[in-house]
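The file run-v2.csv comes next; it holds CSV, C-alpha atoms.
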chain,number,residue,atom,x,y,z
A,23,MET,CA,46.5,-156.7,-96.9
A,24,THR,CA,42.8,-156.9,-97.6
A,25,THR,CA,41.5,-158.4,-100.8
A,26,ASP,CA,38.4,-156.8,-102.4
A,27,TYR,CA,35.8,-159.2,-103.7
A,28,SER,CA,33.2,-156.7,-104.8
A,29,GLY,CA,34.2,-156.2,-108.5
A,30,THR,CA,32.4,-157.2,-111.6
A,31,PHE,CA,33.5,-157.1,-115.2
A,32,LYS,CA,33.2,-158.8,-118.6
A,33,ALA,CA,36.1,-161.1,-119.8
A,34,ALA,CA,37.0,-162.1,-123.3
A,35,VAL,CA,39.1,-165.2,-124.2
A,36,THR,CA,40.5,-165.7,-127.7
A,37,GLN,CA,40.6,-168.8,-129.8
A,38,ALA,CA,42.5,-167.9,-132.9
A,39,GLU,CA,45.3,-168.7,-135.3
A,40,PRO,CA,48.3,-166.3,-135.3
A,41,VAL,CA,49.9,-165.1,-138.5
A,42,TRP,CA,52.7,-167.7,-138.2
A,43,PHE,CA,56.2,-166.2,-137.6
A,44,ASP,CA,55.1,-162.7,-138.7
A,45,LEU,CA,55.5,-160.3,-135.8
A,46,SER,CA,53.9,-157.3,-137.5
A,47,ALA,CA,50.9,-159.1,-139.0
A,48,THR,CA,50.2,-160.9,-135.7
A,49,VAL,CA,50.3,-157.6,-133.8
A,50,ASP,CA,47.8,-156.3,-136.4
A,51,LYS,CA,45.5,-159.3,-135.8
A,52,THR,CA,45.9,-158.8,-132.0
A,53,ILE,CA,44.7,-155.2,-132.2
A,54,ALA,CA,41.8,-156.2,-134.4
A,55,LEU,CA,40.7,-158.8,-131.8
A,56,VAL,CA,41.2,-156.2,-129.0
A,57,GLU,CA,38.9,-153.8,-130.9
A,58,GLU,CA,36.3,-156.5,-131.4
A,59,ALA,CA,36.2,-157.5,-127.8
A,60,SER,CA,36.0,-153.8,-126.7
A,61,ARG,CA,33.0,-153.3,-129.0
A,62,ALA,CA,31.4,-156.3,-127.3
A,63,GLY,CA,31.8,-154.6,-123.9
A,64,ALA,CA,34.7,-156.6,-122.6
A,65,ASP,CA,37.0,-155.1,-119.9
A,66,LEU,CA,39.8,-157.7,-120.3
A,67,ILE,CA,40.9,-159.9,-123.2
A,68,ALA,CA,43.3,-162.9,-122.9
A,69,PHE,CA,45.6,-164.3,-125.7
A,70,PRO,CA,47.3,-167.8,-125.9
A,71,GLU,CA,50.8,-169.0,-125.1
A,72,THR,CA,53.4,-167.6,-127.5
A,73,TRP,CA,50.6,-166.0,-129.5
A,74,ILE,CA,53.3,-163.8,-131.0
A,75,PRO,CA,54.7,-165.0,-133.4
A,76,GLY,CA,52.9,-168.4,-132.9
A,77,TYR,CA,53.9,-171.5,-131.0
A,78,PRO,CA,57.0,-173.2,-132.4
A,79,TRP,CA,55.5,-176.6,-133.3
A,80,PHE,CA,58.6,-177.3,-135.4
A,81,LEU,CA,60.4,-178.3,-132.2
A,82,TRP,CA,58.2,-181.4,-131.9
A,83,LEU,CA,58.2,-182.6,-135.5
A,84,ASP,CA,61.8,-183.2,-136.8
A,85,SER,CA,65.5,-183.1,-136.3
A,86,VAL,CA,67.5,-180.1,-135.2
A,87,ALA,CA,68.9,-179.9,-138.8
A,88,TRP,CA,65.4,-179.5,-140.1
A,89,GLN,CA,64.5,-177.0,-137.4
A,90,SER,CA,67.5,-174.8,-138.2
A,91,GLN,CA,65.5,-173.1,-141.0
A,92,TYR,CA,63.6,-171.3,-138.1
A,93,PHE,CA,66.6,-170.3,-136.0
A,94,ILE,CA,66.8,-166.8,-137.4
A,95,ARG,CA,63.2,-166.2,-138.6
A,96,TYR,CA,61.7,-167.1,-135.2
A,97,PRO,CA,63.8,-164.8,-133.1
A,98,GLN,CA,63.5,-162.0,-135.6
A,99,ASN,CA,59.7,-162.2,-135.3
A,100,SER,CA,59.7,-162.5,-131.5
A,101,LEU,CA,58.6,-159.6,-129.4
A,102,ASP,CA,61.1,-157.0,-128.1
A,103,LEU,CA,59.5,-155.4,-125.0
A,104,ASP,CA,61.2,-152.1,-125.9
A,105,GLY,CA,60.0,-152.2,-129.5
A,106,SER,CA,57.3,-150.4,-131.4
A,107,GLU,CA,55.1,-153.6,-131.7
A,108,PHE,CA,54.7,-153.9,-128.0
A,109,ALA,CA,54.1,-150.1,-127.8
A,110,ALA,CA,51.3,-150.6,-130.4
A,111,ILE,CA,49.6,-153.2,-128.2
A,112,ARG,CA,49.8,-151.0,-125.2
A,113,GLU,CA,48.2,-148.2,-127.2
A,114,ALA,CA,45.4,-150.5,-128.3
A,115,ALA,CA,44.6,-151.2,-124.7
A,116,ARG,CA,44.5,-147.5,-123.9
A,117,LYS,CA,42.6,-146.5,-127.0
A,118,ASN,CA,40.0,-149.2,-126.5
A,119,ASP,CA,39.8,-149.0,-122.7
A,120,ILE,CA,40.4,-152.7,-122.2
A,121,ALA,CA,43.0,-154.7,-120.3
A,122,ILE,CA,45.1,-157.2,-122.2
A,123,THR,CA,46.9,-160.3,-121.1
A,124,MET,CA,48.9,-162.0,-123.8
A,125,GLY,CA,51.6,-164.6,-124.4
A,126,PHE,CA,54.6,-164.1,-126.7
A,127,SER,CA,58.1,-165.3,-127.5
A,128,GLU,CA,60.2,-162.6,-125.8
A,129,ARG,CA,63.5,-161.7,-127.4
A,130,GLY,CA,66.0,-160.7,-124.8
A,131,HIS,CA,69.1,-159.9,-126.7
A,132,GLY,CA,70.2,-163.2,-128.2
A,133,SER,CA,67.9,-165.4,-126.1
A,134,LEU,CA,64.2,-166.3,-126.2
A,135,TYR,CA,61.8,-166.7,-123.3
A,136,MET,CA,58.2,-167.8,-123.2
A,137,GLY,CA,56.7,-164.5,-122.0
A,138,GLN,CA,53.3,-163.2,-120.7
A,139,ALA,CA,52.2,-159.6,-120.1
A,140,VAL,CA,49.4,-158.0,-118.2
A,141,ILE,CA,48.5,-154.6,-119.5
A,142,GLU,CA,46.1,-152.2,-117.8
A,143,ARG,CA,43.2,-150.4,-119.6
A,144,ASP,CA,45.3,-147.2,-119.7
A,145,GLY,CA,48.1,-149.0,-121.5
A,146,VAL,CA,50.4,-149.3,-118.5
A,147,VAL,CA,52.3,-152.6,-118.2
A,148,VAL,CA,51.4,-154.2,-114.9
A,149,ARG,CA,53.7,-157.1,-115.3
A,150,THR,CA,55.7,-159.2,-117.8
A,151,ARG,CA,56.8,-162.7,-116.8
A,152,ARG,CA,58.7,-165.7,-118.2
A,153,LYS,CA,57.7,-169.3,-118.1
A,154,LEU,CA,59.5,-170.8,-115.1
A,155,LYS,CA,60.5,-174.1,-116.8
A,156,PRO,CA,59.9,-174.6,-120.5
A,157,THR,CA,58.4,-178.1,-121.2
A,158,HIS,CA,60.4,-180.9,-122.9
A,159,VAL,CA,61.7,-179.8,-126.3
A,160,GLU,CA,60.8,-176.2,-125.6
A,161,ARG,CA,64.0,-176.1,-123.6
A,162,THR,CA,66.0,-176.3,-126.8
A,163,LEU,CA,64.7,-172.9,-127.8
A,164,PHE,CA,63.7,-171.0,-124.7
A,165,GLY,CA,65.4,-169.9,-121.5
A,166,GLU,CA,63.9,-170.1,-118.0
A,167,GLY,CA,62.3,-167.6,-115.6
A,168,ASP,CA,62.8,-167.4,-111.9
A,169,GLY,CA,60.8,-167.0,-108.7
A,170,SER,CA,60.0,-163.4,-109.5
A,171,ASP,CA,57.9,-164.6,-112.4
A,172,LEU,CA,55.4,-166.4,-110.1
A,173,VAL,CA,53.5,-163.3,-109.1
A,174,VAL,CA,49.9,-162.1,-108.7
A,175,ASP,CA,49.3,-158.3,-109.2
A,176,GLN,CA,46.6,-156.0,-108.0
A,177,THR,CA,44.9,-154.4,-111.1
A,178,SER,CA,41.8,-152.3,-111.6
A,179,LEU,CA,39.8,-155.5,-112.2
A,180,GLY,CA,41.2,-157.6,-109.3
A,181,ARG,CA,44.2,-159.7,-108.5
A,182,VAL,CA,45.5,-161.2,-111.8
A,183,GLY,CA,48.1,-163.9,-112.3
A,184,SER,CA,49.3,-165.8,-115.4
A,185,LEU,CA,50.9,-169.2,-116.2
A,186,CYS,CA,51.6,-171.0,-119.4
A,187,CYS,CA,50.6,-174.5,-120.5
A,188,TRP,CA,52.1,-177.2,-118.3
A,189,GLU,CA,53.0,-174.8,-115.5
A,190,HIS,CA,49.5,-175.9,-114.5
A,191,LEU,CA,50.8,-179.4,-113.9
A,192,GLN,CA,53.3,-178.1,-111.3
A,193,PRO,CA,51.7,-178.4,-107.8
A,194,LEU,CA,54.2,-176.2,-106.0
A,195,THR,CA,54.0,-173.5,-108.7
A,196,LYS,CA,50.2,-173.5,-108.4
A,197,TYR,CA,50.4,-173.2,-104.6
A,198,ALA,CA,52.8,-170.3,-104.9
A,199,MET,CA,50.2,-168.6,-107.0
A,200,TYR,CA,47.2,-169.4,-104.7
A,201,SER,CA,49.2,-168.0,-101.8
A,202,GLN,CA,49.0,-164.6,-103.4
A,203,HIS,CA,45.2,-164.6,-103.3
A,204,GLU,CA,44.7,-164.7,-107.0
A,205,GLN,CA,41.2,-163.8,-108.3
A,206,ILE,CA,41.6,-163.9,-112.1
A,207,HIS,CA,44.0,-166.5,-113.5
A,208,ILE,CA,45.2,-166.5,-117.2
A,209,ALA,CA,45.9,-170.1,-118.2
A,210,ALA,CA,47.5,-169.7,-121.6
A,211,TRP,CA,47.7,-172.7,-124.0
A,212,PRO,CA,49.1,-173.1,-127.5
A,213,SER,CA,46.7,-175.6,-129.2
A,214,PHE,CA,46.0,-179.3,-128.6
A,215,SER,CA,47.0,-180.6,-132.1
A,216,ILE,CA,50.2,-182.6,-131.6
A,217,PHE,CA,50.5,-186.4,-131.6
A,218,PRO,CA,46.8,-187.1,-131.7
A,219,GLY,CA,45.9,-190.6,-130.5
A,220,ALA,CA,49.5,-191.3,-129.4
A,221,VAL,CA,50.3,-189.0,-126.5
A,222,TYR,CA,47.1,-188.6,-124.5
A,223,ALA,CA,48.7,-186.2,-121.9
A,224,LEU,CA,49.2,-183.6,-124.7
A,225,GLY,CA,45.5,-183.7,-125.7
A,226,PRO,CA,42.5,-181.5,-124.9
A,227,GLU,CA,41.0,-183.8,-122.3
A,228,VAL,CA,43.9,-183.6,-119.9
A,229,ASN,CA,44.7,-179.9,-120.4
A,230,THR,CA,41.3,-178.4,-120.3
A,231,ALA,CA,40.9,-180.5,-117.1
A,232,ALA,CA,44.1,-178.8,-115.8
A,233,SER,CA,42.5,-175.4,-116.3
A,234,GLN,CA,39.3,-176.5,-114.6
A,235,GLN,CA,41.1,-178.0,-111.7
A,236,TYR,CA,43.1,-174.8,-111.2
A,237,ALA,CA,39.9,-172.9,-110.9
A,238,VAL,CA,38.3,-175.2,-108.3
A,239,GLU,CA,41.5,-175.8,-106.4
A,240,GLY,CA,42.5,-172.2,-106.1
A,241,GLN,CA,38.9,-170.8,-106.1
A,242,THR,CA,39.7,-168.4,-108.9
A,243,TYR,CA,38.3,-167.5,-112.3
A,244,VAL,CA,40.3,-169.1,-115.0
A,245,LEU,CA,40.5,-167.6,-118.5
A,246,ALA,CA,42.1,-170.1,-120.8
A,247,PRO,CA,42.9,-168.8,-124.3
A,248,CYS,CA,44.0,-171.3,-126.9
A,249,ALA,CA,45.4,-171.0,-130.4
A,250,VAL,CA,44.2,-172.8,-133.5
A,251,ILE,CA,46.2,-174.5,-136.3
A,252,GLY,CA,44.4,-173.6,-139.6
A,253,ASP,CA,45.4,-174.0,-143.2
A,254,ALA,CA,48.4,-171.6,-142.8
A,255,GLY,CA,49.7,-173.5,-139.8
A,256,TRP,CA,49.2,-176.8,-141.6
A,257,GLU,CA,51.3,-175.6,-144.5
A,258,ALA,CA,54.0,-174.2,-142.3
A,259,PHE,CA,54.5,-177.4,-140.3
A,260,ALA,CA,53.1,-180.4,-142.1
A,261,ASP,CA,55.4,-180.6,-145.1
A,262,THR,CA,55.6,-184.4,-145.3
A,263,GLU,CA,53.1,-187.2,-144.9
A,264,GLU,CA,54.7,-188.3,-141.7
A,265,LYS,CA,54.3,-184.8,-140.2
A,266,ARG,CA,50.7,-184.7,-141.3
A,267,GLN,CA,50.2,-187.7,-139.0
A,268,LEU,CA,51.9,-186.0,-136.1
A,269,ILE,CA,50.1,-182.7,-136.1
A,270,HIS,CA,46.5,-182.0,-137.1
A,271,LYS,CA,44.5,-178.9,-137.9
A,272,GLY,CA,42.3,-177.4,-135.2
A,273,GLY,CA,43.3,-177.9,-131.6
A,274,GLY,CA,41.4,-174.9,-130.3
A,275,TYR,CA,39.9,-175.5,-126.8
A,276,ALA,CA,39.5,-172.1,-125.2
A,277,ARG,CA,37.6,-172.1,-122.0
A,278,ILE,CA,36.4,-169.9,-119.1
A,279,TYR,CA,35.9,-171.4,-115.7
A,280,GLY,CA,34.3,-170.0,-112.5
A,281,PRO,CA,35.8,-170.4,-109.0
A,282,ASP,CA,33.6,-173.4,-108.4
A,283,GLY,CA,34.9,-175.1,-111.6
A,284,ARG,CA,31.9,-174.6,-113.7
A,285,SER,CA,32.2,-173.6,-117.4
A,286,LEU,CA,31.0,-170.1,-118.0
A,287,ALA,CA,31.1,-169.9,-121.8
A,288,GLU,CA,29.9,-172.2,-124.6
A,289,PRO,CA,33.0,-173.5,-126.3
A,290,LEU,CA,33.8,-173.0,-129.9
A,291,ALA,CA,34.4,-175.9,-132.3
A,292,PRO,CA,38.2,-176.9,-132.3
A,293,ASN,CA,38.7,-175.5,-135.8
A,294,ASP,CA,36.8,-172.3,-135.3
A,295,GLU,CA,38.3,-168.9,-134.5
A,296,GLY,CA,36.5,-166.5,-132.3
A,297,ILE,CA,36.1,-165.0,-128.8
A,298,LEU,CA,34.5,-166.4,-125.7
A,299,TYR,CA,32.8,-164.0,-123.2
A,300,ALA,CA,31.7,-164.3,-119.6
A,301,ASP,CA,30.6,-162.0,-116.8
A,302,ILE,CA,32.9,-162.1,-113.8
A,303,ASP,CA,31.7,-161.5,-110.3
A,304,LEU,CA,34.5,-161.6,-107.7
A,305,SER,CA,32.1,-162.1,-104.8
A,306,ALA,CA,31.5,-165.7,-106.1
A,307,ILE,CA,35.0,-166.5,-104.9
A,308,LEU,CA,34.0,-166.1,-101.3
A,309,ALA,CA,31.3,-168.8,-101.7
A,310,ALA,CA,33.9,-171.1,-103.4
A,311,LYS,CA,36.4,-170.6,-100.6
A,312,ASN,CA,33.9,-171.4,-97.9
A,313,PRO,CA,34.5,-175.1,-98.0
A,314,ALA,CA,38.2,-175.3,-99.0
A,315,ASP,CA,40.7,-172.4,-99.1
A,316,PRO,CA,44.1,-174.1,-99.7
A,317,VAL,CA,46.1,-171.2,-98.3
A,318,GLY,CA,43.7,-170.3,-95.6
A,319,HIS,CA,41.4,-172.4,-93.3
A,320,TYR,CA,42.0,-175.6,-95.4
A,321,SER,CA,45.8,-175.5,-95.0
A,322,ARG,CA,47.9,-177.3,-92.4
A,323,PRO,CA,51.2,-175.3,-92.2
A,324,ASP,CA,52.3,-177.3,-89.2
A,325,VAL,CA,52.5,-180.3,-91.5
A,326,LEU,CA,53.2,-179.0,-95.0
A,327,ARG,CA,54.7,-175.7,-96.2
A,328,LEU,CA,56.1,-174.3,-99.4
A,329,GLY,CA,59.6,-172.8,-99.6
A,330,PHE,CA,59.3,-170.1,-102.2
A,331,ASN,CA,62.3,-168.0,-103.4
A,332,LYS,CA,60.7,-164.9,-105.0
A,333,ALA,CA,64.0,-163.1,-105.6
A,334,PRO,CA,65.1,-162.3,-109.1
A,335,GLN,CA,68.1,-164.3,-110.2
A,336,PRO,CA,70.3,-162.0,-112.4
A,337,LYS,CA,72.8,-163.6,-114.7
A,338,VAL,CA,75.6,-161.3,-113.4
A,339,ASN,CA,76.1,-159.8,-110.0
A,340,ILE,CA,78.4,-156.8,-110.0
A,341,LEU,CA,80.4,-157.1,-106.8
A,342,GLY,CA,81.3,-154.1,-104.7
A,343,THR,CA,78.5,-151.8,-105.9
A,344,GLU,CA,75.9,-152.4,-103.2
A,345,PRO,CA,76.4,-152.6,-99.4
A,346,PRO,CA,75.6,-156.0,-97.9
A,347,SER,CA,72.0,-156.3,-96.7
A,348,ASP,CA,71.4,-156.7,-93.0
A,349,ASP,CA,68.4,-159.0,-93.8
A,350,VAL,CA,69.9,-162.3,-94.6
A,351,ASP,CA,67.0,-164.4,-93.3
A,352,ALA,CA,64.2,-164.1,-95.8
A,353,VAL,CA,62.9,-162.5,-99.0
A,354,PRO,CA,59.9,-160.4,-97.9
A,355,THR,CA,56.5,-161.4,-99.3
A,356,ASP,CA,53.6,-159.0,-100.1
A,357,ASP,CA,50.9,-161.0,-98.4
A,358,ASP,CA,50.0,-162.7,-95.2
A,359,SER,CA,50.0,-166.3,-96.5
A,360,GLU,CA,51.5,-169.4,-94.9
A,361,VAL,CA,54.2,-169.6,-97.5
A,362,MET,CA,57.8,-169.3,-96.3
A,363,ALA,CA,60.0,-167.2,-98.6
A,364,VAL,CA,63.6,-168.2,-98.6
A,365,SER,CA,66.7,-166.6,-100.0
Is it possible to express this structure as structure tokens?
Amino acid sequence: MTTDYSGTFKAAVTQAEPVWFDLSATVDKTIALVEEASRAGADLIAFPETWIPGYPWFLWLDSVAWQSQYFIRYPQNSLDLDGSEFAAIREAARKNDIAITMGFSERGHGSLYMGQAVIERDGVVVRTRRKLKPTHVERTLFGEGDGSDLVVDQTSLGRVGSLCCWEHLQPLTKYAMYSQHEQIHIAAWPSFSIFPGAVYALGPEVNTAASQQYAVEGQTYVLAPCAVIGDAGWEAFADTEEKRQLIHKGGGYARIYGPDGRSLAEPLAPNDEGILYADIDLSAILAAKNPADPVGHYSRPDVLRLGFNKAPQPKVNILGTEPPSDDVDAVPTDDDSEVMAVS
């Protein structure tokens, strides 16, 4: 497989506050931002982690008894991929001739997953994925993805992949993505507002650095959308003085990084909503890979390799409906990398 490095386009990255726990209103705001980016000449727009219906900060702030007030409302306002709201977002991509990558809480029957989607400029869904391992208290609300969710797809703009939040702190996950010759990476974040001054690892310094490191380590463009907690979010979550000490307004740290790690857009203030823009030239990736391609000339597969199971893991296998496969050795990969796929 040959990777094309000749493309150029304009990218847009959002820093905005969702309409908390309101599916319809957040979809309306999504479409408005899509239209704004399209008018500005963007070819691709990226939205934060669980942008729809907003990140569930309640998980971090109080007991399960207090959280229970959200246990119906949050799923009811999560995104159904077969629903009219997702169809409206796809239509916005087609109508405005702009690709969309977005994060959302996916409602799959009675369970929730931290989802991401890549939608082409014609409204066709290239990929939906689920966060491989929700982080810490997220695991009390969301289920897990599997190896089929670590994927890079060829699109009209280049090879696009997506991860959420602290998936960028998983070295093997990152290597699996790099091995698929990613060119445009969506690093989706919620906001950096929780436990200020107390848990440094959850703050903006560490996590914007994770996006930047991903760019220079994988020699890929990184679009890092990030949400904001404004007055509405403050009212939704900080209902006591104690909670007002645990979560703050702002937290918006959207960024765009080039394949050599440099920042390509002037950041907004942490409390501001808006869109960052940058011109993307895929040929710059070739210069970045010259000194250190981690899945090419800078690798040592004789010493270190990644075992990567890309196969979907269905919850139920109906026995007796499919003949046994003759290929029991490996799950085929779609590239020529040095990553060993195992079943």
Per-residue nearest contacts stretch 83-177 of chain A to stretch 217-231 of chain A, cut-off 12 Å, using all atoms listed in the file, as a tab-separated table:
residue	atom	partner	partner_atom	distance
A:Leu83	CA	A:Phe217	CA	9.4
A:Thr157	CA	A:Leu224	CA	11.3
A:His158	CA	A:Leu224	CA	11.7
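Minimum distance to A:Asp65 across A:Glu204, A:Glu264, A:Asp301, A:Glu189 (counting only C-alpha atoms) occurs at A:Asp301.
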- Using all atoms listed in the file, collect all residues at a distance of at most 7 Å from (61.4, -168.8, -109.8) as written in the file, then present them as an MDAnalysis selection string. chainID A and resid 154 167:172 331:332
Residue subset to file, keeping C-alpha atoms, as a PDB file, in the coordinates of the input:
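Saved to selection.pdb:
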ATOM      1  CA  LEU A 154      59.500-170.800-115.100  1.00  0.00           C
ATOM      2  CA  GLY A 167      62.300-167.600-115.600  1.00  0.00           C
ATOM      3  CA  ASP A 168      62.800-167.400-111.900  1.00  0.00           C
ATOM      4  CA  GLY A 169      60.800-167.000-108.700  1.00  0.00           C
ATOM      5  CA  SER A 170      60.000-163.400-109.500  1.00  0.00           C
ATOM      6  CA  ASP A 171      57.900-164.600-112.400  1.00  0.00           C
ATOM      7  CA  LEU A 172      55.400-166.400-110.100  1.00  0.00           C
ATOM      8  CA  ASN A 331      62.300-168.000-103.400  1.00  0.00           C
ATOM      9  CA  LYS A 332      60.700-164.900-105.000  1.00  0.00           C
TER      10      LYS A 332
END
- Residue nearest A:Lys51 - candidates A:Val35, A:Ile111, A:Ala64, A:Val238, atoms counted: only C-alpha atoms: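 Using only C-alpha atoms, the shortest distance to A:Lys51 belongs to A:Ile111.
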- note - atom CA of A:Asp50 and atom CA of A:Cys248 are separated by 18.2 Å
- Task: Tell me which protein, DNA and RNA residues are within 7 Å of A:Phe80, counting only C-alpha atoms, leaving out same-chain ones fewer than 4 positions away, and put them as JSON, numbers by chain.
- Result: {"A": [84, 89, 259]}
- Using atom CA of A:Arg284 and atom CA of A:Tyr299 as the two end points, give the distance in Å to one decimal.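 So the two atoms, atom CA of A:Arg284 and atom CA of A:Tyr299, lie 14.3 Å apart.
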For stretch 225-240 of chain A, what centre and edge lengths in Å (one decimal) does the axis-aligned box get once 4 Å is added on each side of all its listed atoms, as lines of an AutoDock Vina configuration file?
center_x = 41.9
center_y = -178.0
center_z = -115.9
size_x = 15.2
size_y = 19.6
size_z = 27.6
- Query: Distance atom CA of A:Ala306-atom CA of A:Thr123, one decimal place?
  - Reply: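 So the two atoms, atom CA of A:Ala306 and atom CA of A:Thr123, lie 22.2 Å apart.
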As a CSV table (one decimal) with C-alpha atoms, in the frame of the given file, please: the residues near A:Gln138 (cut-off 9 Å, only C-alpha atoms, same-chain neighbours under 3 positions excluded).
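Writing the result to around_5.csv gives the following:
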chain,number,residue,atom,x,y,z
A,71,GLU,CA,50.8,-169.0,-125.1
A,72,THR,CA,53.4,-167.6,-127.5
A,123,THR,CA,46.9,-160.3,-121.1
A,124,MET,CA,48.9,-162.0,-123.8
A,125,GLY,CA,51.6,-164.6,-124.4
A,126,PHE,CA,54.6,-164.1,-126.7
A,127,SER,CA,58.1,-165.3,-127.5
A,128,GLU,CA,60.2,-162.6,-125.8
A,149,ARG,CA,53.7,-157.1,-115.3
A,150,THR,CA,55.7,-159.2,-117.8
A,151,ARG,CA,56.8,-162.7,-116.8
A,152,ARG,CA,58.7,-165.7,-118.2
A,153,LYS,CA,57.7,-169.3,-118.1
A,184,SER,CA,49.3,-165.8,-115.4
A,185,LEU,CA,50.9,-169.2,-116.2
A,186,CYS,CA,51.6,-171.0,-119.4
A,210,ALA,CA,47.5,-169.7,-121.6
Residue neighbourhood A:Leu81, 9 Å, all atoms listed in the file, exclusion window fewer than 4 positions, as a JSON list (two decimals) with C-alpha atoms, keeping the file's coordinate frame:
[["chain", "number", "residue", "atom", "x", "y", "z"],
["A", 85, "SER", "CA", 65.50, -183.10, -136.30],
["A", 86, "VAL", "CA", 67.50, -180.10, -135.20],
["A", 89, "GLN", "CA", 64.50, -177.00, -137.40],
["A", 159, "VAL", "CA", 61.70, -179.80, -126.30],
["A", 160, "GLU", "CA", 60.80, -176.20, -125.60],
["A", 162, "THR", "CA", 66.00, -176.30, -126.80],
["A", 163, "LEU", "CA", 64.70, -172.90, -127.80]]
- Spatial neighbours of A:Gly183, 9 Å, all atoms listed in the file, chain gap at least 6 places, as a list in words: Val140, Leu172, Val173, Val174, Asp175, Met199, Gln202, Glu204, Gln205, Ile206, His207, Ile208 and Ala209 of chain A
Grab the residues selected above and save them as a PDB file, in the frame of the given file with C-alpha atoms.
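The resulting file, selection-v1.pdb, is shown below:
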ATOM      1  CA  VAL A 140      49.400-158.000-118.200  1.00  0.00           C
ATOM      2  CA  LEU A 172      55.400-166.400-110.100  1.00  0.00           C
ATOM      3  CA  VAL A 173      53.500-163.300-109.100  1.00  0.00           C
ATOM      4  CA  VAL A 174      49.900-162.100-108.700  1.00  0.00           C
ATOM      5  CA  ASP A 175      49.300-158.300-109.200  1.00  0.00           C
ATOM      6  CA  MET A 199      50.200-168.600-107.000  1.00  0.00           C
ATOM      7  CA  GLN A 202      49.000-164.600-103.400  1.00  0.00           C
ATOM      8  CA  GLU A 204      44.700-164.700-107.000  1.00  0.00           C
ATOM      9  CA  GLN A 205      41.200-163.800-108.300  1.00  0.00           C
ATOM     10  CA  ILE A 206      41.600-163.900-112.100  1.00  0.00           C
ATOM     11  CA  HIS A 207      44.000-166.500-113.500  1.00  0.00           C
ATOM     12  CA  ILE A 208      45.200-166.500-117.200  1.00  0.00           C
ATOM     13  CA  ALA A 209      45.900-170.100-118.200  1.00  0.00           C
TER      14      ALA A 209
END
- Query: Do you know which residues are at most 10 Å from A:Ser60 counting only C-alpha atoms, after dropping those on the same chain fewer than 2 positions away, and could you put them as a list in words?
  - Reply: Lys32, Ala34, Ala54, Leu55, Val56, Glu57, Glu58, Ala62, Gly63, Ala64, Asp65, Leu66, Ile67, Ala115, Lys117, Asn118, Asp119, Ile120 and Ala121 of chain A
C-alpha atoms of the current selection, written as a PDB file, keeping the file's coordinate frame:
ATOM      1  CA  LYS A  32      33.200-158.800-118.600  1.00  0.00           C
ATOM      2  CA  ALA A  34      37.000-162.100-123.300  1.00  0.00           C
ATOM      3  CA  ALA A  54      41.800-156.200-134.400  1.00  0.00           C
ATOM      4  CA  LEU A  55      40.700-158.800-131.800  1.00  0.00           C
ATOM      5  CA  VAL A  56      41.200-156.200-129.000  1.00  0.00           C
ATOM      6  CA  GLU A  57      38.900-153.800-130.900  1.00  0.00           C
ATOM      7  CA  GLU A  58      36.300-156.500-131.400  1.00  0.00           C
ATOM      8  CA  ALA A  62      31.400-156.300-127.300  1.00  0.00           C
ATOM      9  CA  GLY A  63      31.800-154.600-123.900  1.00  0.00           C
ATOM     10  CA  ALA A  64      34.700-156.600-122.600  1.00  0.00           C
ATOM     11  CA  ASP A  65      37.000-155.100-119.900  1.00  0.00           C
ATOM     12  CA  LEU A  66      39.800-157.700-120.300  1.00  0.00           C
ATOM     13  CA  ILE A  67      40.900-159.900-123.200  1.00  0.00           C
ATOM     14  CA  ALA A 115      44.600-151.200-124.700  1.00  0.00           C
ATOM     15  CA  LYS A 117      42.600-146.500-127.000  1.00  0.00           C
ATOM     16  CA  ASN A 118      40.000-149.200-126.500  1.00  0.00           C
ATOM     17  CA  ASP A 119      39.800-149.000-122.700  1.00  0.00           C
ATOM     18  CA  ILE A 120      40.400-152.700-122.200  1.00  0.00           C
ATOM     19  CA  ALA A 121      43.000-154.700-120.300  1.00  0.00           C
TER      20      ALA A 121
END
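For the choices A:Ser46, A:Ser215, A:Thr177, A:Gln235, the atom-to-atom distance to A:Leu191 is smallest for A:Gln235 when using all atoms listed in the file.
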- Closest of A:Glu263, A:Asp253, A:Asp324, A:Asp282 to A:Ser305, counting all atoms listed in the file, is A:Asp282
